[in-house]
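K.L.:
Once you've had a glance at the structure underneath, I'll fire off some questions.
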There are 2 protein chains.
Amino acid sequence: MPEHDADIGDFQGHVPVVRHKLTREQYLYRAGQAVHALYIVDVGFLRMSELADDGREQVIGFRMGGDWIGLESIGLKQHRCDAVALDLSYVWELPIERTLAACAETRALQARLHEALAREIRGDWSWMLALGTLGAENRLAAFLLDLAERRSRLGLVADRLLIPMRRIDIANYLAIKHETVSRALSRLERQGLVAVRGRDVRILDMPGLAREAHATPSEDGGVGRSRGSS
Amino acid sequence: MPEHDADIGDFQGHVPVVRHKLTREQYLYRAGQAVHALYIVDVGFLRMSELADDGREQVIGFRMGGDWIGLESIGLKQHRCDAVALDLSYVWELPIERTLAACAETRALQARLHEALAREIRGDWSWMLALGTLGAENRLAAFLLDLAERRSRLGLVADRLLIPMRRIDIANYLAIKHETVSRALSRLERQGLVAVRGRDVRILDMPGLAREAHATPSEDGGVGRSRGSS
DNA sequence: CGTCGGAATTGATTTCGATCAACGGGTGCG
DNA sequence: CGCACCCGTTGATCGAAATCAATTCCGACG
């Protein structure tokens with residue numbers, strides 16, 4: 001039984017929920033806009049990105065069915081990042097004040113929200129681990145594997161990815177250049193792990209890909225766990 | 001007036017708080033251990049790190065006075081990361097169930113917790129931006145600047161950093177090697193931005209360092225903001 | 001007070017990914 | 001229908017950081 005990150009049904013009775021349609025390239029919100037809602041993706045694909053004042057932009061993640069959007073903006077007046085649809089998408093909109101109030105009243109909802117917030121943090125940390133310790137090809141493998149896993153959690157086939165984002169989005173997310181993404185994909189294909197045709201990626205060897213998603217060379221990790229008391 | 005991330009006073013009346021002493025190298029918790037509390041640093045310095053099953057380790061951040069610890073573990077049975085003291089430190093321990101229950105009852109506490117969780121996410125995202133878009137030297141500058149800012153928020157002098165972590169910890173956090181940290185520090189010193197003697201770092205030119213903490217070369221950002229509807 | 005070992009700095013060389021460049025292919029629009 | 005533009009792939013070269021290596025610094029402890 002797929003454990004959804006966010007089940008809109010839990011909230012539907014407690015807060016007025018509106019379903020929004022987003023077309024390709026349409027922004028759910030942008031940095032600078034007022035914060036007035038949280039969102040849960042119903043169907044579709046969104047890209048989250050953080051931006052610096054000097055123009056730098058970093059893709060932080062991608063959101064699909066069941067994922068929360070906007071949690072990072074709790075407590076803020078204005079959004080600090082962008083959320084844009086990569087595809088035709090539908091999201092549930094939950095007025096933020098009403099939602100937080102509902103969480104204060106209903107213990108189960110509060111737990112849901114805490115869960116979602118903590119899960120977001122863990123996901124970010126886990127990705128930071130990958131970014132900090134893996135090379136380009138391993139990162140890409142980890143990324144594909146993550147997509148596959150999320151698809152299967154939604155009850156979809158996991159070995160057939162129809163990736164809605166451009167190579168450049170993937171590259172930015174992986175903190176590498178898009179040429180490197182291409183090359184890494186080709187290498188994975190040459191190893192017989194995946195079959196790539198444009199945005200249609202088929203995973204041929206899931207365990208092999210999983211192996212590739214961990215450190216290939218003689219990684220040491222660096223920090224060195226010294227003898228710790230207690 | 002310094003706006004603290006977490007004010008222990010808010011919780012002290014509502015949950016039984018215990019103050020814990022941690023000596024250098026002592027673990028507050030380790031991956032695998034049961035989750036039973038949240039923590040707020042009183043004084044000292046802690047290092048958070050995420051670890052992979054294959055031994056890779058990534059330093060996620062450092063915690064000092066007023067910072068929460070353990071938020072990432074909400075909803076988990078067992079910790080997935082390490083929290084270790086770099087220095088003699090004192091932390092407040094808040095039993096997790098009692099604390100979450102208190103948040104459910106008291107709106108102000110709930111807001112505090114949401115705030116802290118969301119702030120953690122924003123901090124992570126902001127650091128991901130730095131990791132993804134800055135070179136080694138710029139990252140280091142950003143790191144020093146962040147330490148300085150946090151010190152000043154605690155009411156301490158900001159331009160004198162007595163860094164309790166080893167180069168290797170910094171390196172891991174910055175996702176570079178410790179030799180590179182050394183070289184980058186030396187370069188910053190040669191530019192007259194900082195004075196370094198071991199772990200005693202003096203910031204000589206704050207604005208200059210801030211300039212260094214942004215992209216030096218002709219960064220483009222990559223993703224390319226296309227014409228967005230709405 | 002000396003020495004021992006981990007931490008830090010600096011140098012030489014290698015390597016991985018970035019950059020520069022060229023080209024193929026699909027798609028939307030005139 | 002065909003052109004133009006963007007996306008993606010691949011090749012050649014460059015460069016920043018990793019790796020390998022040698023010292024120096026410094027604190028702990030006998």
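Chain lettering (A, B, ...) mirrors the order of the structure tokens, residue numbering begins at 1 for each chain separately, and ligand numbering begins at 1 in order of display.
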Write out as a list in words every residue belonging to chain A that has an atom at most 6 Å from any atom of chain B, counting only C-alpha atoms.
P.N.:
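Using only C-alpha atoms, chain A residues at most 6 Å from chain B: Glu25, Gln26, Arg56, Glu57, Gln58, Glu72, Ile74, Gly75, Ala104, Glu115, Ala118, Ile121, Arg122, Leu129, Gly132, Ile168, Asp169, Ala175, Gly221, Val223, Gly228 and Ser229 of chain A.
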K.L.:
Where in region 31-87 of chain A does DSSP assign strand (DSSP E), given as an mmCIF file with C-alpha atoms, in the first residue's frame?
P.N.:
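Result file is part.cif:
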```cif
data_model
loop_
_atom_site.group_PDB
_atom_site.id
_atom_site.type_symbol
_atom_site.label_atom_id
_atom_site.label_comp_id
_atom_site.auth_asym_id
_atom_site.auth_seq_id
_atom_site.Cartn_x
_atom_site.Cartn_y
_atom_site.Cartn_z
ATOM 1 C CA ALA A 37 -1.186 29.024 0.349
ATOM 2 C CA LEU A 38 0.403 25.627 0.578
ATOM 3 C CA TYR A 39 -0.052 23.176 -2.250
ATOM 4 C CA ILE A 40 -0.215 19.482 -2.864
ATOM 5 C CA VAL A 41 0.426 18.198 -6.343
ATOM 6 C CA ASP A 42 -2.430 16.149 -7.714
ATOM 7 C CA VAL A 43 -1.001 15.242 -11.100
ATOM 8 C CA LEU A 46 6.764 20.936 -11.052
ATOM 9 C CA ARG A 47 10.278 22.289 -10.744
ATOM 10 C CA MET A 48 11.368 24.100 -7.581
ATOM 11 C CA SER A 49 14.235 26.496 -7.796
ATOM 12 C CA GLU A 50 16.069 28.782 -5.480
ATOM 13 C CA LEU A 51 17.540 31.984 -6.812
ATOM 14 C CA GLU A 57 19.669 29.769 -9.982
ATOM 15 C CA GLN A 58 19.650 26.336 -8.448
ATOM 16 C CA VAL A 59 17.033 23.699 -9.095
ATOM 17 C CA ILE A 60 16.217 22.265 -5.684
ATOM 18 C CA GLY A 61 13.950 19.469 -6.728
ATOM 19 C CA PHE A 62 11.002 18.267 -8.712
ATOM 20 C CA ARG A 63 7.519 17.721 -7.378
ATOM 21 C CA TRP A 68 3.794 19.201 -0.921
ATOM 22 C CA ILE A 69 4.823 22.532 -2.358
ATOM 23 C CA CYS A 81 11.892 30.586 -4.719
ATOM 24 C CA ASP A 82 10.069 29.602 -7.864
ATOM 25 C CA ALA A 83 7.646 26.784 -8.486
ATOM 26 C CA VAL A 84 6.907 26.191 -12.136
ATOM 27 C CA ALA A 85 4.988 23.502 -13.975
#
```
K.L.:
Would you list, as a compact mmCIF listing (two decimals) with C-alpha atoms, in the first residue's frame, the residues of region 14-220 of chain B that end up in alpha helix (DSSP H) under DSSP run on this structure's backbone?
P.N.:
```
# COMPACT_ATOMS: atom_id res chain seq x y z
CA ILE B 96 9.79 14.69 21.55
CA GLU B 97 6.30 13.39 22.30
CA ARG B 98 5.68 15.89 25.05
CA THR B 99 7.00 18.66 22.87
CA LEU B 100 4.83 17.85 19.88
CA ALA B 101 1.86 17.51 22.19
CA ALA B 102 2.58 20.89 23.72
CA CYS B 103 2.74 22.37 20.24
CA ALA B 104 -0.65 20.88 19.48
CA GLU B 105 -2.12 22.64 22.50
CA ARG B 107 -0.64 27.89 19.19
CA ALA B 108 2.46 29.95 19.84
CA LEU B 109 4.60 26.89 20.32
CA GLN B 110 3.22 25.35 17.18
CA ALA B 111 4.14 28.45 15.26
CA ARG B 112 7.64 28.31 16.74
CA LEU B 113 8.09 24.75 15.61
CA HIS B 114 6.74 25.36 12.12
CA GLU B 115 8.99 28.36 11.88
CA ALA B 116 12.01 26.33 12.88
CA LEU B 117 11.20 23.54 10.46
CA ALA B 118 10.62 25.89 7.57
CA ARG B 119 13.72 27.86 8.43
CA GLU B 120 15.76 24.68 8.33
CA ILE B 121 14.44 23.93 4.86
CA ARG B 122 15.21 27.42 3.62
CA GLY B 123 18.69 27.24 5.05
CA ASP B 124 19.31 23.94 3.34
CA TRP B 125 18.04 25.27 0.03
CA SER B 126 20.11 28.36 0.31
CA TRP B 127 23.21 26.27 0.94
CA MET B 128 22.35 24.02 -1.99
CA LEU B 129 22.32 27.14 -4.11
CA ALA B 130 25.80 27.98 -2.93
CA LEU B 131 27.05 24.44 -3.47
CA GLY B 132 25.62 24.27 -6.95
CA THR B 133 26.66 27.66 -8.24
CA ALA B 136 35.58 26.49 -3.83
CA GLU B 137 36.83 29.91 -2.83
CA ASN B 138 33.41 31.54 -3.06
CA ARG B 139 31.88 28.75 -1.03
CA LEU B 140 34.42 29.24 1.69
CA ALA B 141 33.73 32.96 1.77
CA ALA B 142 30.02 32.27 2.01
CA PHE B 143 30.67 29.86 4.85
CA LEU B 144 32.75 32.32 6.84
CA LEU B 145 30.18 35.00 6.26
CA ASP B 146 27.44 32.73 7.52
CA LEU B 147 29.40 31.95 10.67
CA ALA B 148 29.98 35.64 11.22
CA GLU B 149 26.33 36.46 10.78
CA ARG B 150 25.25 33.77 13.20
CA ARG B 151 27.73 34.99 15.74
CA SER B 152 26.44 38.51 15.51
CA ARG B 153 22.89 37.25 15.88
CA ARG B 167 39.67 21.76 8.15
CA ILE B 168 38.42 18.36 7.18
CA ASP B 169 34.99 19.09 8.62
CA ILE B 170 34.81 22.37 6.79
CA ALA B 171 35.99 20.69 3.62
CA ASN B 172 33.35 18.01 3.84
CA TYR B 173 30.67 20.60 4.49
CA LEU B 174 31.81 22.65 1.50
CA HIS B 178 40.74 19.89 2.97
CA GLU B 179 43.77 20.85 0.91
CA THR B 180 41.48 23.03 -1.16
CA VAL B 181 40.15 24.66 1.99
CA SER B 182 43.68 25.51 3.02
CA ARG B 183 44.52 26.97 -0.36
CA ALA B 184 41.29 28.95 -0.55
CA LEU B 185 41.89 30.34 2.94
CA SER B 186 45.39 31.34 1.94
CA ARG B 187 44.08 33.06 -1.16
CA LEU B 188 41.49 34.97 0.85
CA GLU B 189 44.24 35.97 3.22
CA ARG B 190 46.48 37.11 0.37
CA MET B 206 33.48 42.11 5.57
CA PRO B 207 32.10 43.77 2.41
CA GLY B 208 34.98 42.34 0.42
CA LEU B 209 34.28 38.91 1.78
CA ALA B 210 30.62 39.34 0.97
CA ARG B 211 31.57 40.20 -2.59
CA GLU B 212 33.66 37.06 -2.67
```
K.L.:
Fit chain B to chain A, all Cα atoms paired in order, least squares. Then write it as a tab-separated table (two decimals) with C-alpha atoms, in the first residue's frame.
P.N.:
```tsv
chain	number	residue	atom	x	y	z
B	1	MET	CA	0.03	0.04	0.02
B	2	PRO	CA	1.65	3.26	-1.10
B	3	GLU	CA	2.18	5.63	1.79
B	4	HIS	CA	1.57	9.04	0.31
B	5	ASP	CA	3.54	11.99	1.45
B	6	ALA	CA	0.46	14.13	1.52
B	7	ASP	CA	-3.06	12.87	1.31
B	8	ILE	CA	-5.31	15.68	0.26
B	9	GLY	CA	-8.28	13.80	1.66
B	10	ASP	CA	-7.09	14.42	5.19
B	11	PHE	CA	-7.35	18.14	4.71
B	12	GLN	CA	-10.36	18.40	2.45
B	13	GLY	CA	-12.86	18.35	5.28
B	14	HIS	CA	-10.97	20.90	7.34
B	15	VAL	CA	-9.87	23.61	4.95
B	16	PRO	CA	-11.32	25.00	1.75
B	17	VAL	CA	-9.33	23.33	-0.96
B	18	VAL	CA	-9.18	24.59	-4.52
B	19	ARG	CA	-7.85	22.64	-7.45
B	20	HIS	CA	-5.69	24.64	-9.82
B	21	LYS	CA	-4.67	23.90	-13.34
B	22	LEU	CA	-1.20	24.81	-14.52
B	23	THR	CA	-0.08	24.66	-18.10
B	24	ARG	CA	3.44	23.98	-19.25
B	25	GLU	CA	5.86	26.72	-18.14
B	26	GLN	CA	3.26	28.33	-15.90
B	27	TYR	CA	4.45	29.49	-12.52
B	28	LEU	CA	2.66	28.37	-9.39
B	29	TYR	CA	4.56	31.10	-7.60
B	30	ARG	CA	7.69	33.16	-8.04
B	31	ALA	CA	10.21	34.64	-5.69
B	32	GLY	CA	8.84	37.92	-4.41
B	33	GLN	CA	5.18	37.02	-4.57
B	34	ALA	CA	3.08	36.97	-1.44
B	35	VAL	CA	2.71	33.67	0.37
B	36	HIS	CA	-0.91	32.73	0.77
B	37	ALA	CA	-1.16	29.00	0.35
B	38	LEU	CA	0.41	25.61	0.57
B	39	TYR	CA	-0.05	23.17	-2.25
B	40	ILE	CA	-0.22	19.47	-2.87
B	41	VAL	CA	0.42	18.18	-6.35
B	42	ASP	CA	-2.43	16.14	-7.73
B	43	VAL	CA	-1.02	15.24	-11.11
B	44	GLY	CA	1.82	16.65	-13.15
B	45	PHE	CA	5.36	17.77	-12.61
B	46	LEU	CA	6.76	20.92	-11.08
B	47	ARG	CA	10.26	22.28	-10.74
B	48	MET	CA	11.37	24.07	-7.58
B	49	SER	CA	14.24	26.47	-7.79
B	50	GLU	CA	16.07	28.76	-5.49
B	51	LEU	CA	17.54	31.95	-6.81
B	52	ALA	CA	20.23	34.37	-5.78
B	53	ASP	CA	19.96	38.11	-6.19
B	54	ASP	CA	22.86	38.03	-8.64
B	55	GLY	CA	20.99	35.78	-11.04
B	56	ARG	CA	22.33	32.39	-10.07
B	57	GLU	CA	19.65	29.75	-10.00
B	58	GLN	CA	19.65	26.32	-8.46
B	59	VAL	CA	17.03	23.69	-9.10
B	60	ILE	CA	16.21	22.24	-5.69
B	61	GLY	CA	13.96	19.44	-6.74
B	62	PHE	CA	11.00	18.25	-8.72
B	63	ARG	CA	7.50	17.71	-7.38
B	64	MET	CA	5.03	15.12	-8.54
B	65	GLY	CA	1.74	13.63	-7.39
B	66	GLY	CA	1.31	13.66	-3.63
B	67	ASP	CA	4.19	16.04	-2.97
B	68	TRP	CA	3.80	19.18	-0.93
B	69	ILE	CA	4.83	22.52	-2.35
B	70	GLY	CA	5.42	25.69	-0.40
B	71	LEU	CA	6.44	24.23	2.94
B	72	GLU	CA	9.67	26.20	2.76
B	73	SER	CA	7.66	29.42	2.76
B	74	ILE	CA	5.93	28.86	6.09
B	75	GLY	CA	6.55	31.89	8.24
B	76	LEU	CA	7.46	34.10	5.32
B	77	LYS	CA	5.58	37.01	3.82
B	78	GLN	CA	7.04	36.52	0.36
B	79	HIS	CA	8.24	33.50	-1.52
B	80	ARG	CA	11.97	33.14	-1.97
B	81	CYS	CA	11.89	30.58	-4.72
B	82	ASP	CA	10.08	29.58	-7.87
B	83	ALA	CA	7.65	26.76	-8.49
B	84	VAL	CA	6.91	26.17	-12.14
B	85	ALA	CA	4.98	23.49	-13.97
B	86	LEU	CA	6.99	21.42	-16.45
B	87	ASP	CA	3.87	19.81	-17.77
B	88	LEU	CA	0.17	20.23	-17.67
B	89	SER	CA	-0.36	19.86	-13.92
B	90	TYR	CA	-3.04	20.09	-11.29
B	91	VAL	CA	-2.40	21.14	-7.72
B	92	TRP	CA	-4.58	21.46	-4.66
B	93	GLU	CA	-4.33	24.86	-3.06
B	94	LEU	CA	-4.64	25.09	0.73
B	95	PRO	CA	-4.93	28.60	2.18
B	96	ILE	CA	-1.99	28.76	4.50
B	97	GLU	CA	-3.56	30.42	7.53
B	98	ARG	CA	-6.58	28.15	7.51
B	99	THR	CA	-4.37	25.15	7.06
B	100	LEU	CA	-2.05	25.96	9.93
B	101	ALA	CA	-5.05	26.71	12.09
B	102	ALA	CA	-6.61	23.38	11.19
B	103	CYS	CA	-3.35	21.67	12.13
B	104	ALA	CA	-3.45	23.40	15.48
B	105	GLU	CA	-6.90	21.98	16.15
B	106	THR	CA	-6.59	18.52	14.75
B	107	ARG	CA	-3.78	16.41	16.03
B	108	ALA	CA	-3.71	14.13	13.01
B	109	LEU	CA	-3.30	17.02	10.62
B	110	GLN	CA	-0.55	18.48	12.74
B	111	ALA	CA	1.27	15.18	12.61
B	112	ARG	CA	0.84	15.11	8.83
B	113	LEU	CA	2.36	18.54	8.48
B	114	HIS	CA	5.27	17.83	10.81
B	115	GLU	CA	5.87	14.63	8.93
B	116	ALA	CA	5.92	16.44	5.62
B	117	LEU	CA	8.25	19.14	6.89
B	118	ALA	CA	10.66	16.67	8.44
B	119	ARG	CA	10.52	14.49	5.35
B	120	GLU	CA	11.46	17.46	3.22
B	121	ILE	CA	14.48	18.11	5.42
B	122	ARG	CA	15.58	14.49	5.27
B	123	GLY	CA	15.20	14.45	1.52
B	124	ASP	CA	17.29	17.57	1.19
B	125	TRP	CA	19.98	16.15	3.44
B	126	SER	CA	20.03	12.91	1.59
B	127	TRP	CA	20.47	14.75	-1.69
B	128	MET	CA	23.23	16.88	-0.19
B	129	LEU	CA	24.98	13.65	0.65
B	130	ALA	CA	24.75	12.58	-2.96
B	131	LEU	CA	25.92	15.96	-4.24
B	132	GLY	CA	28.86	16.03	-1.89
B	133	THR	CA	30.09	12.49	-2.29
B	134	LEU	CA	29.19	11.28	-5.77
B	135	GLY	CA	30.59	12.04	-9.21
B	136	ALA	CA	28.46	13.13	-12.16
B	137	GLU	CA	27.55	9.69	-13.40
B	138	ASN	CA	26.68	8.36	-9.96
B	139	ARG	CA	24.55	11.39	-9.26
B	140	LEU	CA	22.63	10.86	-12.43
B	141	ALA	CA	22.03	7.23	-11.55
B	142	ALA	CA	20.83	8.26	-8.11
B	143	PHE	CA	18.50	10.77	-9.71
B	144	LEU	CA	16.97	8.27	-12.10
B	145	LEU	CA	16.57	5.80	-9.29
B	146	ASP	CA	14.80	8.38	-7.18
B	147	LEU	CA	12.40	9.18	-10.00
B	148	ALA	CA	11.71	5.49	-10.47
B	149	GLU	CA	11.05	4.98	-6.80
B	150	ARG	CA	8.67	7.90	-6.63
B	151	ARG	CA	6.82	6.63	-9.65
B	152	SER	CA	6.38	3.23	-8.11
B	153	ARG	CA	5.14	4.82	-4.90
B	154	LEU	CA	2.42	6.40	-7.02
B	155	GLY	CA	1.54	2.99	-8.38
B	156	LEU	CA	3.08	3.64	-11.79
B	157	VAL	CA	5.54	1.46	-13.59
B	158	ALA	CA	8.97	2.32	-12.31
B	159	ASP	CA	11.17	1.24	-15.16
B	160	ARG	CA	9.72	3.56	-17.76
B	161	LEU	CA	10.45	7.21	-17.15
B	162	LEU	CA	8.94	9.89	-19.35
B	163	ILE	CA	10.98	12.75	-18.05
B	164	PRO	CA	9.25	16.09	-18.54
B	165	MET	CA	12.28	18.25	-17.76
B	166	ARG	CA	14.96	19.37	-20.14
B	167	ARG	CA	18.55	18.24	-19.79
B	168	ILE	CA	19.42	21.67	-18.55
B	169	ASP	CA	17.02	21.34	-15.63
B	170	ILE	CA	18.44	17.97	-14.72
B	171	ALA	CA	21.95	19.34	-15.05
B	172	ASN	CA	21.23	22.25	-12.77
B	173	TYR	CA	19.64	19.95	-10.22
B	174	LEU	CA	22.64	17.63	-10.32
B	175	ALA	CA	24.97	20.63	-10.13
B	176	ILE	CA	26.70	19.71	-13.37
B	177	LYS	CA	26.45	20.99	-16.96
B	178	HIS	CA	23.96	19.68	-19.46
B	179	GLU	CA	26.70	18.32	-21.71
B	180	THR	CA	27.85	16.23	-18.79
B	181	VAL	CA	24.32	14.92	-18.30
B	182	SER	CA	24.25	13.83	-21.91
B	183	ARG	CA	27.59	12.09	-21.66
B	184	ALA	CA	26.70	10.40	-18.38
B	185	LEU	CA	23.41	9.19	-19.85
B	186	SER	CA	25.25	7.82	-22.85
B	187	ARG	CA	27.71	6.03	-20.60
B	188	LEU	CA	24.90	4.49	-18.57
B	189	GLU	CA	23.31	3.40	-21.81
B	190	ARG	CA	26.57	1.88	-23.06
B	191	GLN	CA	26.72	-0.11	-19.83
B	192	GLY	CA	23.31	-1.52	-20.60
B	193	LEU	CA	21.70	0.01	-17.53
B	194	VAL	CA	19.22	2.25	-19.32
B	195	ALA	CA	17.82	2.88	-22.78
B	196	VAL	CA	17.55	6.53	-23.64
B	197	ARG	CA	15.69	8.21	-26.45
B	198	GLY	CA	15.32	11.85	-25.66
B	199	ARG	CA	13.11	12.19	-22.63
B	200	ASP	CA	11.99	8.62	-22.79
B	201	VAL	CA	14.25	6.71	-20.43
B	202	ARG	CA	13.86	3.01	-19.80
B	203	ILE	CA	15.60	1.39	-16.89
B	204	LEU	CA	16.91	-1.96	-18.05
B	205	ASP	CA	18.89	-3.00	-15.02
B	206	MET	CA	17.54	-1.60	-11.77
B	207	PRO	CA	20.03	-3.33	-9.45
B	208	GLY	CA	22.87	-2.30	-11.73
B	209	LEU	CA	21.66	1.26	-11.68
B	210	ALA	CA	21.38	1.11	-7.91
B	211	ARG	CA	24.98	-0.06	-7.76
B	212	GLU	CA	25.91	2.87	-9.94
B	213	ALA	CA	24.09	5.23	-7.62
B	214	HIS	CA	26.67	4.63	-4.93
B	215	ALA	CA	30.31	5.53	-4.95
B	216	THR	CA	32.21	3.75	-7.70
B	217	PRO	CA	35.83	4.49	-6.81
B	218	SER	CA	37.61	4.06	-3.50
B	219	GLU	CA	35.67	6.69	-1.66
B	220	ASP	CA	36.79	7.54	1.82
B	221	GLY	CA	34.23	10.06	2.92
B	222	GLY	CA	36.72	12.43	4.37
B	223	VAL	CA	35.50	13.50	7.75
B	224	GLY	CA	36.99	10.61	9.63
B	225	ARG	CA	35.02	9.35	12.57
B	226	SER	CA	37.32	9.71	15.51
B	227	ARG	CA	36.92	7.87	18.75
B	228	GLY	CA	33.79	9.29	20.25
B	229	SER	CA	33.00	9.17	23.91
B	230	SER	CA	29.54	8.14	25.07
```
K.L.:
Write out as a list in words which residues come within 12 Å of DT15 (chain C) when counting only C-alpha atoms (C1' of nucleotides), dropping same-chain ones fewer than 6 positions away.
P.N.:
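Everything that qualifies: DG15, DA16, DA17, DA18 and DT19 of chain D.
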K.L.:
Can you list every residue of chain C that has an atom at most 9 Å from chain A, with its nearest atom pair and the distance in Å to one decimal, using only C-alpha atoms (C1' of nucleotides), ordered by chain then number, as JSON lines?
P.N.:
```
{"residue": "C:DC16", "atom": "C1'", "partner": "A:Gly135", "partner_atom": "CA", "distance": 8.6}
{"residue": "C:DG17", "atom": "C1'", "partner": "A:Thr180", "partner_atom": "CA", "distance": 7.1}
{"residue": "C:DA18", "atom": "C1'", "partner": "A:Lys177", "partner_atom": "CA", "distance": 7.4}
```
K.L.:
Figure out the distance between C1' of DC25 (chain D) and C1' of DT14 (chain C), please, to one decimal in Å.
P.N.:
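Computing it gives 28.0 Å between the two atoms.
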K.L.:
Using only C-alpha atoms (C1' of nucleotides) and a distance of at most 9 Å, pull out the residues of chain D that contact chain A, as a PyMOL selection string.
P.N.:
chain D and resi 7-10
K.L.:
Near DG5 (chain C), within 12 Å and counting only C-alpha atoms (C1' of nucleotides), which residues show up once chain neighbours fewer than 3 positions away are dropped, as a ChimeraX atom specification?
P.N.:
/D:25-29
K.L.:
Can you pull out the residues contacting DA12 (chain D)? Cut-off 12 Å, using only C-alpha atoms (C1' of nucleotides), and skip same-chain residues under 6 positions away; I want them as a PyMOL selection string.
P.N.:
chain C and resi 19-22
K.L.:
At what distance in Å, to one decimal, does C1' of DT10 (chain C) lie from C1' of DT13 (chain D)?
P.N.:
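The value is 28.3 Å.
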K.L.:
What does the distance from C1' of DG11 (chain C) to C1' of DC20 (chain D) come to in Å, to one decimal?
P.N.:
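So the two atoms, C1' of DG11 (chain C) and C1' of DC20 (chain D), lie 10.5 Å apart.
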